[in-house]
Structures are given as structure tokens and as C-alpha cells.
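Okay, my_file36.cif now, which holds mmCIF, N, CA and C atoms:
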data_start
#
loop_
_atom_site.label_atom_id
_atom_site.label_comp_id
_atom_site.auth_asym_id
_atom_site.auth_seq_id
_atom_site.Cartn_x
_atom_site.Cartn_y
_atom_site.Cartn_z
N PRO A 1 13.10 5.04 -23.30
CA PRO A 1 12.57 5.42 -24.60
C PRO A 1 11.22 4.76 -24.87
N ALA A 2 10.42 5.39 -25.67
CA ALA A 2 9.11 4.84 -26.03
C ALA A 2 9.22 3.71 -27.04
N ALA A 3 10.31 3.68 -27.80
CA ALA A 3 10.52 2.64 -28.80
C ALA A 3 11.97 2.19 -28.73
N SER A 4 12.23 1.01 -29.25
CA SER A 4 13.61 0.51 -29.29
C SER A 4 14.47 1.48 -30.08
N SER A 5 15.69 1.73 -29.59
CA SER A 5 16.55 2.76 -30.20
C SER A 5 18.02 2.39 -30.06
N HIS A 6 18.85 3.05 -30.86
CA HIS A 6 20.30 2.94 -30.77
C HIS A 6 20.82 4.21 -30.09
N TYR A 7 21.84 4.07 -29.23
CA TYR A 7 22.39 5.21 -28.51
C TYR A 7 23.91 5.18 -28.56
N ARG A 8 24.49 6.37 -28.50
CA ARG A 8 25.94 6.55 -28.41
C ARG A 8 26.17 7.80 -27.56
N LEU A 9 27.13 7.72 -26.64
CA LEU A 9 27.53 8.88 -25.85
C LEU A 9 28.68 9.58 -26.55
N VAL A 10 28.61 10.91 -26.59
CA VAL A 10 29.65 11.69 -27.25
C VAL A 10 30.12 12.78 -26.31
N PHE A 11 31.44 12.87 -26.12
CA PHE A 11 32.05 13.95 -25.35
C PHE A 11 32.78 14.83 -26.35
N GLN A 12 32.42 16.12 -26.42
CA GLN A 12 32.98 17.02 -27.42
C GLN A 12 34.44 17.39 -27.16
N GLY A 13 34.89 17.19 -25.94
CA GLY A 13 36.26 17.53 -25.61
C GLY A 13 36.37 18.93 -25.00
N THR A 14 37.52 19.18 -24.38
CA THR A 14 37.83 20.48 -23.78
C THR A 14 39.29 20.78 -24.11
N PRO A 15 39.77 21.94 -23.73
CA PRO A 15 41.19 22.19 -23.97
C PRO A 15 42.10 21.17 -23.28
N ASN A 16 41.63 20.56 -22.20
CA ASN A 16 42.46 19.60 -21.46
C ASN A 16 42.16 18.13 -21.77
N PHE A 17 41.03 17.86 -22.41
CA PHE A 17 40.64 16.46 -22.68
C PHE A 17 40.22 16.30 -24.13
N ARG A 18 40.66 15.21 -24.74
CA ARG A 18 40.31 14.92 -26.13
C ARG A 18 38.85 14.50 -26.25
N PRO A 19 38.25 14.70 -27.40
CA PRO A 19 36.88 14.21 -27.63
C PRO A 19 36.86 12.68 -27.54
N ALA A 20 35.71 12.15 -27.20
CA ALA A 20 35.56 10.69 -27.10
C ALA A 20 34.14 10.29 -27.48
N ARG A 21 34.00 9.05 -27.95
CA ARG A 21 32.70 8.47 -28.30
C ARG A 21 32.61 7.06 -27.75
N SER A 22 31.43 6.71 -27.29
CA SER A 22 31.21 5.34 -26.83
C SER A 22 30.83 4.47 -28.02
N ALA A 23 30.79 3.19 -27.77
CA ALA A 23 30.25 2.27 -28.76
C ALA A 23 28.74 2.48 -28.84
N VAL A 24 28.16 2.08 -29.94
CA VAL A 24 26.71 2.17 -30.10
C VAL A 24 26.07 1.00 -29.36
N VAL A 25 25.03 1.29 -28.59
CA VAL A 25 24.28 0.23 -27.91
C VAL A 25 22.83 0.28 -28.38
N HIS A 26 22.20 -0.87 -28.40
CA HIS A 26 20.79 -0.96 -28.79
C HIS A 26 19.97 -1.22 -27.54
N VAL A 27 19.00 -0.38 -27.28
CA VAL A 27 18.09 -0.55 -26.16
C VAL A 27 16.76 -1.02 -26.72
N THR A 28 16.34 -2.20 -26.27
CA THR A 28 15.09 -2.78 -26.75
C THR A 28 13.99 -2.52 -25.74
N VAL A 29 12.90 -1.96 -26.21
CA VAL A 29 11.73 -1.73 -25.35
C VAL A 29 10.82 -2.93 -25.51
N ARG A 30 10.53 -3.58 -24.38
CA ARG A 30 9.66 -4.75 -24.41
C ARG A 30 8.21 -4.29 -24.50
N SER A 31 7.45 -4.96 -25.33
CA SER A 31 6.06 -4.54 -25.50
C SER A 31 5.15 -5.15 -24.45
N THR A 32 5.62 -6.14 -23.68
CA THR A 32 4.80 -6.72 -22.62
C THR A 32 5.42 -6.43 -21.26
N ALA A 33 4.56 -6.27 -20.27
CA ALA A 33 5.01 -6.03 -18.91
C ALA A 33 4.06 -6.77 -17.97
N LEU A 34 4.58 -7.21 -16.83
CA LEU A 34 3.79 -7.98 -15.88
C LEU A 34 4.10 -7.51 -14.46
N SER A 35 3.10 -6.98 -13.79
CA SER A 35 3.27 -6.52 -12.41
C SER A 35 2.91 -7.65 -11.45
N ILE A 36 3.22 -7.45 -10.17
CA ILE A 36 2.87 -8.44 -9.15
C ILE A 36 2.52 -7.71 -7.86
N ALA A 37 1.55 -8.27 -7.14
CA ALA A 37 1.18 -7.79 -5.81
C ALA A 37 0.83 -9.01 -4.97
N THR A 38 1.03 -8.92 -3.66
CA THR A 38 0.72 -10.04 -2.79
C THR A 38 -0.07 -9.58 -1.58
N THR A 39 -0.88 -10.49 -1.07
CA THR A 39 -1.51 -10.37 0.24
C THR A 39 -1.15 -11.67 0.94
N PRO A 40 -1.51 -11.85 2.20
CA PRO A 40 -1.19 -13.13 2.86
C PRO A 40 -1.84 -14.35 2.19
N THR A 41 -2.89 -14.13 1.38
CA THR A 41 -3.60 -15.26 0.78
C THR A 41 -3.72 -15.20 -0.74
N SER A 42 -3.02 -14.25 -1.38
CA SER A 42 -3.12 -14.18 -2.84
C SER A 42 -1.89 -13.57 -3.48
N VAL A 43 -1.71 -13.95 -4.74
CA VAL A 43 -0.69 -13.35 -5.59
C VAL A 43 -1.44 -12.89 -6.84
N SER A 44 -1.31 -11.62 -7.17
CA SER A 44 -2.03 -11.07 -8.31
C SER A 44 -1.10 -10.26 -9.19
N GLY A 45 -1.55 -9.97 -10.39
CA GLY A 45 -0.75 -9.18 -11.31
C GLY A 45 -1.59 -8.64 -12.44
N VAL A 46 -0.97 -7.78 -13.23
CA VAL A 46 -1.61 -7.23 -14.42
C VAL A 46 -0.63 -7.35 -15.57
N LEU A 47 -1.10 -7.95 -16.67
CA LEU A 47 -0.30 -8.10 -17.88
C LEU A 47 -0.72 -7.03 -18.88
N THR A 48 0.26 -6.31 -19.41
CA THR A 48 -0.03 -5.30 -20.42
C THR A 48 0.82 -5.56 -21.66
N LYS A 49 0.29 -5.13 -22.78
CA LYS A 49 1.02 -5.18 -24.05
C LYS A 49 0.94 -3.79 -24.65
N SER A 50 2.07 -3.20 -24.89
CA SER A 50 2.14 -1.83 -25.41
C SER A 50 1.34 -0.88 -24.54
N GLY A 51 1.36 -1.11 -23.22
CA GLY A 51 0.73 -0.21 -22.28
C GLY A 51 -0.76 -0.39 -22.06
N THR A 52 -1.38 -1.36 -22.73
CA THR A 52 -2.81 -1.61 -22.53
C THR A 52 -3.02 -3.02 -22.00
N PRO A 53 -4.13 -3.26 -21.27
CA PRO A 53 -4.38 -4.60 -20.72
C PRO A 53 -4.36 -5.66 -21.81
N TYR A 54 -3.76 -6.80 -21.47
CA TYR A 54 -3.63 -7.91 -22.41
C TYR A 54 -4.48 -9.06 -21.90
N ALA A 55 -5.70 -9.16 -22.41
CA ALA A 55 -6.69 -10.12 -21.92
C ALA A 55 -6.54 -11.49 -22.57
N GLY A 56 -7.03 -12.50 -21.84
CA GLY A 56 -7.10 -13.86 -22.37
C GLY A 56 -5.76 -14.55 -22.55
N GLN A 57 -4.74 -14.11 -21.81
CA GLN A 57 -3.40 -14.68 -21.94
C GLN A 57 -3.06 -15.52 -20.71
N THR A 58 -2.34 -16.60 -20.91
CA THR A 58 -1.97 -17.48 -19.81
C THR A 58 -0.77 -16.91 -19.04
N VAL A 59 -0.95 -16.78 -17.73
CA VAL A 59 0.11 -16.34 -16.82
C VAL A 59 0.36 -17.46 -15.84
N GLN A 60 1.63 -17.73 -15.56
CA GLN A 60 2.00 -18.80 -14.64
C GLN A 60 2.45 -18.21 -13.31
N LEU A 61 2.09 -18.89 -12.22
CA LEU A 61 2.57 -18.57 -10.88
C LEU A 61 3.71 -19.52 -10.57
N TRP A 62 4.88 -18.95 -10.23
CA TRP A 62 6.05 -19.73 -9.83
C TRP A 62 6.35 -19.42 -8.38
N GLY A 63 6.82 -20.42 -7.63
CA GLY A 63 7.12 -20.19 -6.23
C GLY A 63 8.14 -21.16 -5.69
N LYS A 64 8.65 -20.80 -4.52
CA LYS A 64 9.58 -21.69 -3.79
C LYS A 64 9.58 -21.25 -2.34
N PRO A 65 9.81 -22.18 -1.41
CA PRO A 65 9.97 -21.79 -0.02
C PRO A 65 11.22 -20.92 0.12
N VAL A 66 11.17 -19.96 1.03
CA VAL A 66 12.34 -19.13 1.30
C VAL A 66 13.50 -20.05 1.70
N GLY A 67 14.65 -19.85 1.09
CA GLY A 67 15.82 -20.68 1.37
C GLY A 67 16.02 -21.82 0.37
N ALA A 68 14.96 -22.21 -0.36
CA ALA A 68 15.10 -23.26 -1.37
C ALA A 68 15.85 -22.70 -2.57
N LYS A 69 16.45 -23.60 -3.35
CA LYS A 69 17.26 -23.16 -4.48
C LYS A 69 16.45 -22.90 -5.75
N LYS A 70 15.47 -23.74 -6.05
CA LYS A 70 14.79 -23.65 -7.34
C LYS A 70 13.32 -23.30 -7.22
N PHE A 71 12.87 -22.45 -8.15
CA PHE A 71 11.45 -22.15 -8.28
C PHE A 71 10.78 -23.28 -9.06
N ALA A 72 9.48 -23.45 -8.83
CA ALA A 72 8.68 -24.43 -9.57
C ALA A 72 7.38 -23.77 -10.00
N ALA A 73 6.86 -24.20 -11.14
CA ALA A 73 5.56 -23.71 -11.60
C ALA A 73 4.49 -24.29 -10.68
N LEU A 74 3.63 -23.42 -10.14
CA LEU A 74 2.61 -23.85 -9.19
C LEU A 74 1.21 -23.87 -9.78
N ALA A 75 0.92 -22.93 -10.69
CA ALA A 75 -0.42 -22.82 -11.25
C ALA A 75 -0.38 -21.92 -12.47
N SER A 76 -1.45 -21.93 -13.25
CA SER A 76 -1.57 -20.99 -14.37
C SER A 76 -3.03 -20.58 -14.48
N SER A 77 -3.24 -19.40 -15.04
CA SER A 77 -4.58 -18.87 -15.20
C SER A 77 -4.58 -17.83 -16.31
N ALA A 78 -5.73 -17.60 -16.90
CA ALA A 78 -5.85 -16.62 -17.98
C ALA A 78 -6.18 -15.24 -17.42
N THR A 79 -5.64 -14.22 -18.07
CA THR A 79 -5.92 -12.85 -17.65
C THR A 79 -7.35 -12.47 -18.02
N GLY A 80 -7.93 -11.59 -17.20
CA GLY A 80 -9.28 -11.09 -17.46
C GLY A 80 -9.26 -9.96 -18.47
N ALA A 81 -10.42 -9.37 -18.70
CA ALA A 81 -10.56 -8.29 -19.67
C ALA A 81 -9.66 -7.10 -19.34
N ASP A 82 -9.37 -6.91 -18.05
CA ASP A 82 -8.51 -5.81 -17.62
C ASP A 82 -7.05 -6.21 -17.51
N GLY A 83 -6.68 -7.41 -18.01
CA GLY A 83 -5.31 -7.88 -17.97
C GLY A 83 -4.90 -8.48 -16.63
N SER A 84 -5.84 -8.53 -15.68
CA SER A 84 -5.48 -8.99 -14.34
C SER A 84 -5.60 -10.50 -14.19
N VAL A 85 -4.84 -11.01 -13.22
CA VAL A 85 -4.87 -12.42 -12.88
C VAL A 85 -4.67 -12.51 -11.37
N VAL A 86 -5.37 -13.46 -10.74
CA VAL A 86 -5.26 -13.64 -9.28
C VAL A 86 -5.13 -15.12 -8.97
N PHE A 87 -4.18 -15.44 -8.11
CA PHE A 87 -3.98 -16.80 -7.63
C PHE A 87 -4.20 -16.80 -6.12
N THR A 88 -5.01 -17.72 -5.63
CA THR A 88 -5.20 -17.89 -4.19
C THR A 88 -4.10 -18.82 -3.69
N VAL A 89 -3.44 -18.41 -2.62
CA VAL A 89 -2.37 -19.21 -2.04
C VAL A 89 -2.64 -19.37 -0.55
N ALA A 90 -2.09 -20.44 0.02
CA ALA A 90 -2.20 -20.69 1.46
C ALA A 90 -0.87 -21.23 1.97
N PRO A 91 0.17 -20.40 1.94
CA PRO A 91 1.48 -20.90 2.34
C PRO A 91 1.53 -21.25 3.82
N VAL A 92 2.16 -22.38 4.12
CA VAL A 92 2.35 -22.78 5.52
C VAL A 92 3.73 -22.39 6.02
N LYS A 93 4.60 -21.99 5.09
CA LYS A 93 5.91 -21.43 5.43
C LYS A 93 6.14 -20.25 4.50
N SER A 94 7.09 -19.40 4.81
CA SER A 94 7.38 -18.23 3.99
C SER A 94 7.75 -18.66 2.57
N MET A 95 7.17 -17.96 1.60
CA MET A 95 7.33 -18.33 0.19
C MET A 95 7.73 -17.12 -0.64
N ARG A 96 8.51 -17.39 -1.70
CA ARG A 96 8.84 -16.38 -2.70
C ARG A 96 8.08 -16.72 -3.97
N TYR A 97 7.52 -15.70 -4.62
CA TYR A 97 6.70 -15.90 -5.82
C TYR A 97 7.10 -14.93 -6.92
N PHE A 98 6.89 -15.35 -8.17
CA PHE A 98 6.90 -14.43 -9.31
C PHE A 98 5.88 -14.92 -10.32
N LEU A 99 5.48 -14.03 -11.21
CA LEU A 99 4.54 -14.36 -12.28
C LEU A 99 5.30 -14.38 -13.60
N LEU A 100 4.90 -15.27 -14.50
CA LEU A 100 5.57 -15.41 -15.79
C LEU A 100 4.54 -15.48 -16.91
N PHE A 101 4.75 -14.67 -17.93
CA PHE A 101 3.99 -14.76 -19.17
C PHE A 101 4.94 -15.33 -20.21
N PRO A 102 4.73 -16.59 -20.64
CA PRO A 102 5.64 -17.18 -21.62
C PRO A 102 5.51 -16.49 -22.98
N LYS A 103 6.57 -16.51 -23.74
CA LYS A 103 6.58 -15.94 -25.08
C LYS A 103 5.51 -16.60 -25.94
N THR A 104 4.83 -15.80 -26.74
CA THR A 104 3.86 -16.32 -27.70
C THR A 104 4.25 -15.82 -29.09
N THR A 105 3.51 -16.24 -30.09
CA THR A 105 3.79 -15.76 -31.45
C THR A 105 3.46 -14.28 -31.58
N ASP A 106 2.61 -13.76 -30.70
CA ASP A 106 2.18 -12.36 -30.77
C ASP A 106 2.92 -11.43 -29.83
N ALA A 107 3.63 -11.97 -28.84
CA ALA A 107 4.24 -11.10 -27.83
C ALA A 107 5.44 -11.76 -27.17
N PRO A 108 6.43 -10.95 -26.75
CA PRO A 108 7.58 -11.50 -26.03
C PRO A 108 7.19 -11.87 -24.60
N ALA A 109 8.00 -12.71 -23.99
CA ALA A 109 7.77 -13.13 -22.60
C ALA A 109 7.90 -11.93 -21.67
N ALA A 110 7.25 -12.05 -20.51
CA ALA A 110 7.36 -11.03 -19.46
C ALA A 110 7.43 -11.74 -18.12
N ARG A 111 8.20 -11.18 -17.19
CA ARG A 111 8.34 -11.75 -15.85
C ARG A 111 8.21 -10.63 -14.84
N SER A 112 7.47 -10.89 -13.80
CA SER A 112 7.33 -9.91 -12.73
C SER A 112 8.57 -9.93 -11.85
N THR A 113 8.64 -8.99 -10.95
CA THR A 113 9.66 -9.06 -9.90
C THR A 113 9.26 -10.18 -8.94
N THR A 114 10.13 -10.50 -8.00
CA THR A 114 9.86 -11.54 -7.02
C THR A 114 9.34 -10.89 -5.74
N ARG A 115 8.28 -11.48 -5.18
CA ARG A 115 7.71 -10.99 -3.91
C ARG A 115 7.70 -12.12 -2.91
N THR A 116 7.79 -11.79 -1.63
CA THR A 116 7.80 -12.79 -0.57
C THR A 116 6.58 -12.63 0.32
N ILE A 117 5.95 -13.75 0.62
CA ILE A 117 4.90 -13.78 1.63
C ILE A 117 5.52 -14.45 2.86
N VAL A 118 5.60 -13.70 3.93
CA VAL A 118 6.21 -14.19 5.17
C VAL A 118 5.15 -14.82 6.05
N VAL A 119 5.41 -16.05 6.46
CA VAL A 119 4.52 -16.76 7.39
C VAL A 119 5.23 -16.82 8.74
N HIS A 120 4.56 -16.35 9.78
CA HIS A 120 5.16 -16.34 11.13
C HIS A 120 4.77 -17.56 11.91
#
The structure given in the file should be rewritten as C-alpha cells.
Amino acid sequence: PAASSHYRLVFQGTPNFRPARSAVVHVTVRSTALSIATTPTSVSGVLTKSGTPYAGQTVQLWGKPVGAKKFAALASSATGADGSVVFTVAPVKSMRYFLLFPKTTDAPAARSTTRTIVVH
């Protein structure tokens, strides 16, 4: 949905089955989104708010070696005019990364998917 909404499923019934209704659920549409892309030497992303670039916002790079249990904050940087952010990395072993935009008074938090840079 384009906006947060309430939904309910309704089955009208048939001669063999009684009508039924689901409980009402609320689907919240997040106004911020954060993408991620990787190369062997960089992790980048684009932060948007309501579908447009969100400039001047702090985005954090989180990472951990493949096989480790916990992620750690590695760096932070502000988004450019186009909502983009780039982190230069030089992993010596395979690493998993994600980007995080912490909640602010103006926007909810956003987290990218996790990407892996494999070092051979």
C-alpha cells in the first residue's frame, strides 16, 4: 500500500462452506528506506524518505567477520544531496555488512539488507 492501512480478509461463503472473516491487521508503511550495494572495496547505499533522496542524514556502517556472532558499528557518514553514502572498506577476511539510519525526530529508523564481501 502507498499509505499505512487496516486490512481484513473476508470469505463470502459457498453452499458447502460458511462465510468467514479474519482479524483486522494494521500494515504500516515506513517513510524511510535504505538500500545497500557492495564492491570489493566499498559499501554504499541510498537513503530515501517518502520516496525522495534524504540528504544530510547520518548513516552508520555495521559489520562483522563471517562466522562471528555480533555486528559492530564501524563508521558513520552523512548522506549527499542525492541521499547516497559511500564507505571505503579493505576487508582482510570475508565480512558481512549492513547500513543503519537511526531514528530521528523527523523520520523512523531504516536498515538495509545484509551483504557479504567475500575475501579469497
Exercise for review: Any chance you could list, as an MDAnalysis selection string, the residues in chain A that come up strand (DSSP E) when DSSP is run on the backbone?
Suggested key: chainID A and resid 5:7 10:11 20:21 25:27 32:34 37:39 42:49 52:53 58:65 72:78 84:88 95:101 110:111 115:117
Point to revise | Contacts of A:Ala3 within 8 Å, all atoms listed in the file, excl. fewer than 3 positions in-chain, as an NGL selection string | key: :A and (6 or 27-30)
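What separates atom N of A:Ala109 from atom CA of A:Gln60 is a distance of 12.7 Å.
Applied to the file shown here, the PyMOL selection byres ((chain A and resi 65) around 8) selects the residues Gly63, Lys64, Val66, Gly67, Ala68, Lys69, Lys70, Phe71, Ala72, Lys93, Ser94, Met95, Arg96 and Tyr97 of chain A.
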Just to be explicit: take each residue in the selection above, keep N, CA and C atoms, and write the result as a JSON list (two decimals), in the frame of the given file.
[["chain", "number", "residue", "atom", "x", "y", "z"],
["A", 63, "GLY", "N", 6.82, -20.42, -7.63],
["A", 63, "GLY", "CA", 7.12, -20.19, -6.23],
["A", 63, "GLY", "C", 8.14, -21.16, -5.69],
["A", 64, "LYS", "N", 8.65, -20.80, -4.52],
["A", 64, "LYS", "CA", 9.58, -21.69, -3.79],
["A", 64, "LYS", "C", 9.58, -21.25, -2.34],
["A", 66, "VAL", "N", 11.17, -19.96, 1.03],
["A", 66, "VAL", "CA", 12.34, -19.13, 1.30],
["A", 66, "VAL", "C", 13.50, -20.05, 1.70],
["A", 67, "GLY", "N", 14.65, -19.85, 1.09],
["A", 67, "GLY", "CA", 15.82, -20.68, 1.37],
["A", 67, "GLY", "C", 16.02, -21.82, 0.37],
["A", 68, "ALA", "N", 14.96, -22.21, -0.36],
["A", 68, "ALA", "CA", 15.10, -23.26, -1.37],
["A", 68, "ALA", "C", 15.85, -22.70, -2.57],
["A", 69, "LYS", "N", 16.45, -23.60, -3.35],
["A", 69, "LYS", "CA", 17.26, -23.16, -4.48],
["A", 69, "LYS", "C", 16.45, -22.90, -5.75],
["A", 70, "LYS", "N", 15.47, -23.74, -6.05],
["A", 70, "LYS", "CA", 14.79, -23.65, -7.34],
["A", 70, "LYS", "C", 13.32, -23.30, -7.22],
["A", 71, "PHE", "N", 12.87, -22.45, -8.15],
["A", 71, "PHE", "CA", 11.45, -22.15, -8.28],
["A", 71, "PHE", "C", 10.78, -23.28, -9.06],
["A", 72, "ALA", "N", 9.48, -23.45, -8.83],
["A", 72, "ALA", "CA", 8.68, -24.43, -9.57],
["A", 72, "ALA", "C", 7.38, -23.77, -10.00],
["A", 93, "LYS", "N", 4.60, -21.99, 5.09],
["A", 93, "LYS", "CA", 5.91, -21.43, 5.43],
["A", 93, "LYS", "C", 6.14, -20.25, 4.50],
["A", 94, "SER", "N", 7.09, -19.40, 4.81],
["A", 94, "SER", "CA", 7.38, -18.23, 3.99],
["A", 94, "SER", "C", 7.75, -18.66, 2.57],
["A", 95, "MET", "N", 7.17, -17.96, 1.60],
["A", 95, "MET", "CA", 7.33, -18.33, 0.19],
["A", 95, "MET", "C", 7.73, -17.12, -0.64],
["A", 96, "ARG", "N", 8.51, -17.39, -1.70],
["A", 96, "ARG", "CA", 8.84, -16.38, -2.70],
["A", 96, "ARG", "C", 8.08, -16.72, -3.97],
["A", 97, "TYR", "N", 7.52, -15.70, -4.62],
["A", 97, "TYR", "CA", 6.70, -15.90, -5.82],
["A", 97, "TYR", "C", 7.10, -14.93, -6.92]]
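In terms of minimum interatomic distance to A:Pro40, A:Ile117 ranks closest within A:Ile117, A:Ala75, A:Ala81, A:Val10, counting only N, CA and C atoms.
With distances taken over only C-alpha atoms, A:Gly45 is the one residue among A:Val92, A:Asp106, A:Gly45, A:His120 lying closest to A:Ala78.
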Practice item. Could you tell me how far atom C of A:Phe87 lies from atom C of A:Leu61, in Å and to one decimal? Key: 9.5 Å
Review point. What separation in Å, quoted to one decimal, exists between atom C of A:Ala90 and atom CA of A:Arg115?
Key: 14.6 Å
Point to revise | Answer key for the PyMOL selection byres ((chain A and resi 35) around 6), residues as a ChimeraX atom specification | key: /A:33-34,36-37,44-47,112-113
Take the residues from that selection and write them out as an mmCIF file, in the frame of the given file, keeping N, CA and C atoms.
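Generated file (selection18.cif):
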data_model
loop_
_atom_site.group_PDB
_atom_site.id
_atom_site.type_symbol
_atom_site.label_atom_id
_atom_site.label_comp_id
_atom_site.auth_asym_id
_atom_site.auth_seq_id
_atom_site.Cartn_x
_atom_site.Cartn_y
_atom_site.Cartn_z
ATOM 1 N N ALA A 33 4.560 -6.270 -20.270
ATOM 2 C CA ALA A 33 5.010 -6.030 -18.910
ATOM 3 C C ALA A 33 4.060 -6.770 -17.970
ATOM 4 N N LEU A 34 4.580 -7.210 -16.830
ATOM 5 C CA LEU A 34 3.790 -7.980 -15.880
ATOM 6 C C LEU A 34 4.100 -7.510 -14.460
ATOM 7 N N ILE A 36 3.220 -7.450 -10.170
ATOM 8 C CA ILE A 36 2.870 -8.440 -9.150
ATOM 9 C C ILE A 36 2.520 -7.710 -7.860
ATOM 10 N N ALA A 37 1.550 -8.270 -7.140
ATOM 11 C CA ALA A 37 1.180 -7.790 -5.810
ATOM 12 C C ALA A 37 0.830 -9.010 -4.970
ATOM 13 N N SER A 44 -1.310 -11.620 -7.170
ATOM 14 C CA SER A 44 -2.030 -11.070 -8.310
ATOM 15 C C SER A 44 -1.100 -10.260 -9.190
ATOM 16 N N GLY A 45 -1.550 -9.970 -10.390
ATOM 17 C CA GLY A 45 -0.750 -9.180 -11.310
ATOM 18 C C GLY A 45 -1.590 -8.640 -12.440
ATOM 19 N N VAL A 46 -0.970 -7.780 -13.230
ATOM 20 C CA VAL A 46 -1.610 -7.230 -14.420
ATOM 21 C C VAL A 46 -0.630 -7.350 -15.570
ATOM 22 N N LEU A 47 -1.100 -7.950 -16.670
ATOM 23 C CA LEU A 47 -0.300 -8.100 -17.880
ATOM 24 C C LEU A 47 -0.720 -7.030 -18.880
ATOM 25 N N SER A 112 7.470 -10.890 -13.800
ATOM 26 C CA SER A 112 7.330 -9.910 -12.730
ATOM 27 C C SER A 112 8.570 -9.930 -11.850
ATOM 28 N N THR A 113 8.640 -8.990 -10.950
ATOM 29 C CA THR A 113 9.660 -9.060 -9.900
ATOM 30 C C THR A 113 9.260 -10.180 -8.940
#
Edge lengths and centre, in Å to one decimal, as lines of an AutoDock Vina configuration file: that's what I need for the box along x, y and z that holds all listed atoms of stretch 1-14 of chain A plus 5 Å on each side.
center_x = 24.2
center_y = 10.6
center_z = -27.1
size_x = 40.2
size_y = 30.3
size_z = 17.6
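When the PyMOL selection byres ((chain A and resi 82) around 8) is evaluated on the file shown here, the picked residues come out as Gly45, Val46, Leu47, Thr48, Thr52, Pro53, Tyr54, Ala55, Gly56, Thr79, Gly80, Ala81, Gly83, Ser84 and Val85 of chain A.
Remark: for A:Thr39, the closest of the candidate residues A:Thr88, A:Thr14, A:Thr58, A:Thr104 is A:Thr88 (distances computed over only C-alpha atoms).
Shortest separation to A:Val59 among A:His26, A:Val43, A:Pro102, A:Ala20 occurs at residue A:Pro102, atoms counted being all atoms listed in the file.
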Take stretch 94-99 of chain A, model all heavy atoms, and hand the result over as a short mmCIF file (atom, residue, chain, number, x, y, z; two decimals), keeping the file's coordinate frame.
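The resulting out-v4.cif:
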data_model
loop_
_atom_site.label_atom_id
_atom_site.label_comp_id
_atom_site.auth_asym_id
_atom_site.auth_seq_id
_atom_site.Cartn_x
_atom_site.Cartn_y
_atom_site.Cartn_z
N SER A 94 7.09 -19.40 4.81
CA SER A 94 7.38 -18.23 3.99
C SER A 94 7.75 -18.66 2.57
O SER A 94 8.51 -19.60 2.38
CB SER A 94 8.50 -17.41 4.61
OG SER A 94 8.09 -16.90 5.87
N MET A 95 7.17 -17.96 1.60
CA MET A 95 7.33 -18.33 0.19
C MET A 95 7.73 -17.12 -0.64
O MET A 95 7.31 -16.00 -0.36
CB MET A 95 6.02 -18.88 -0.38
CG MET A 95 5.56 -20.20 0.20
SD MET A 95 6.49 -21.61 -0.44
CE MET A 95 6.00 -21.63 -2.15
N ARG A 96 8.51 -17.39 -1.70
CA ARG A 96 8.84 -16.38 -2.70
C ARG A 96 8.08 -16.72 -3.97
O ARG A 96 8.01 -17.89 -4.36
CB ARG A 96 10.35 -16.37 -2.96
CG ARG A 96 11.12 -16.07 -1.67
CD ARG A 96 12.54 -15.72 -1.91
NE ARG A 96 12.55 -14.39 -2.50
CZ ARG A 96 13.52 -13.93 -3.29
NH1 ARG A 96 14.54 -14.67 -3.58
NH2 ARG A 96 13.46 -12.71 -3.78
N TYR A 97 7.52 -15.70 -4.62
CA TYR A 97 6.70 -15.90 -5.82
C TYR A 97 7.10 -14.93 -6.92
O TYR A 97 7.54 -13.82 -6.65
CB TYR A 97 5.22 -15.65 -5.51
CG TYR A 97 4.59 -16.59 -4.53
CD1 TYR A 97 4.40 -16.21 -3.21
CD2 TYR A 97 4.16 -17.85 -4.92
CE1 TYR A 97 3.79 -17.06 -2.30
CE2 TYR A 97 3.55 -18.71 -4.02
CZ TYR A 97 3.37 -18.31 -2.71
OH TYR A 97 2.77 -19.16 -1.82
N PHE A 98 6.89 -15.35 -8.17
CA PHE A 98 6.90 -14.43 -9.31
C PHE A 98 5.88 -14.92 -10.32
O PHE A 98 5.44 -16.08 -10.28
CB PHE A 98 8.30 -14.26 -9.92
CG PHE A 98 8.84 -15.45 -10.66
CD1 PHE A 98 8.53 -15.69 -11.99
CD2 PHE A 98 9.71 -16.33 -10.03
CE1 PHE A 98 9.06 -16.78 -12.67
CE2 PHE A 98 10.25 -17.42 -10.70
CZ PHE A 98 9.92 -17.64 -12.03
N LEU A 99 5.48 -14.03 -11.21
CA LEU A 99 4.54 -14.36 -12.28
C LEU A 99 5.30 -14.38 -13.60
O LEU A 99 6.22 -13.57 -13.81
CB LEU A 99 3.41 -13.33 -12.34
CG LEU A 99 2.55 -13.25 -11.09
CD1 LEU A 99 1.54 -12.11 -11.21
CD2 LEU A 99 1.83 -14.57 -10.83
#
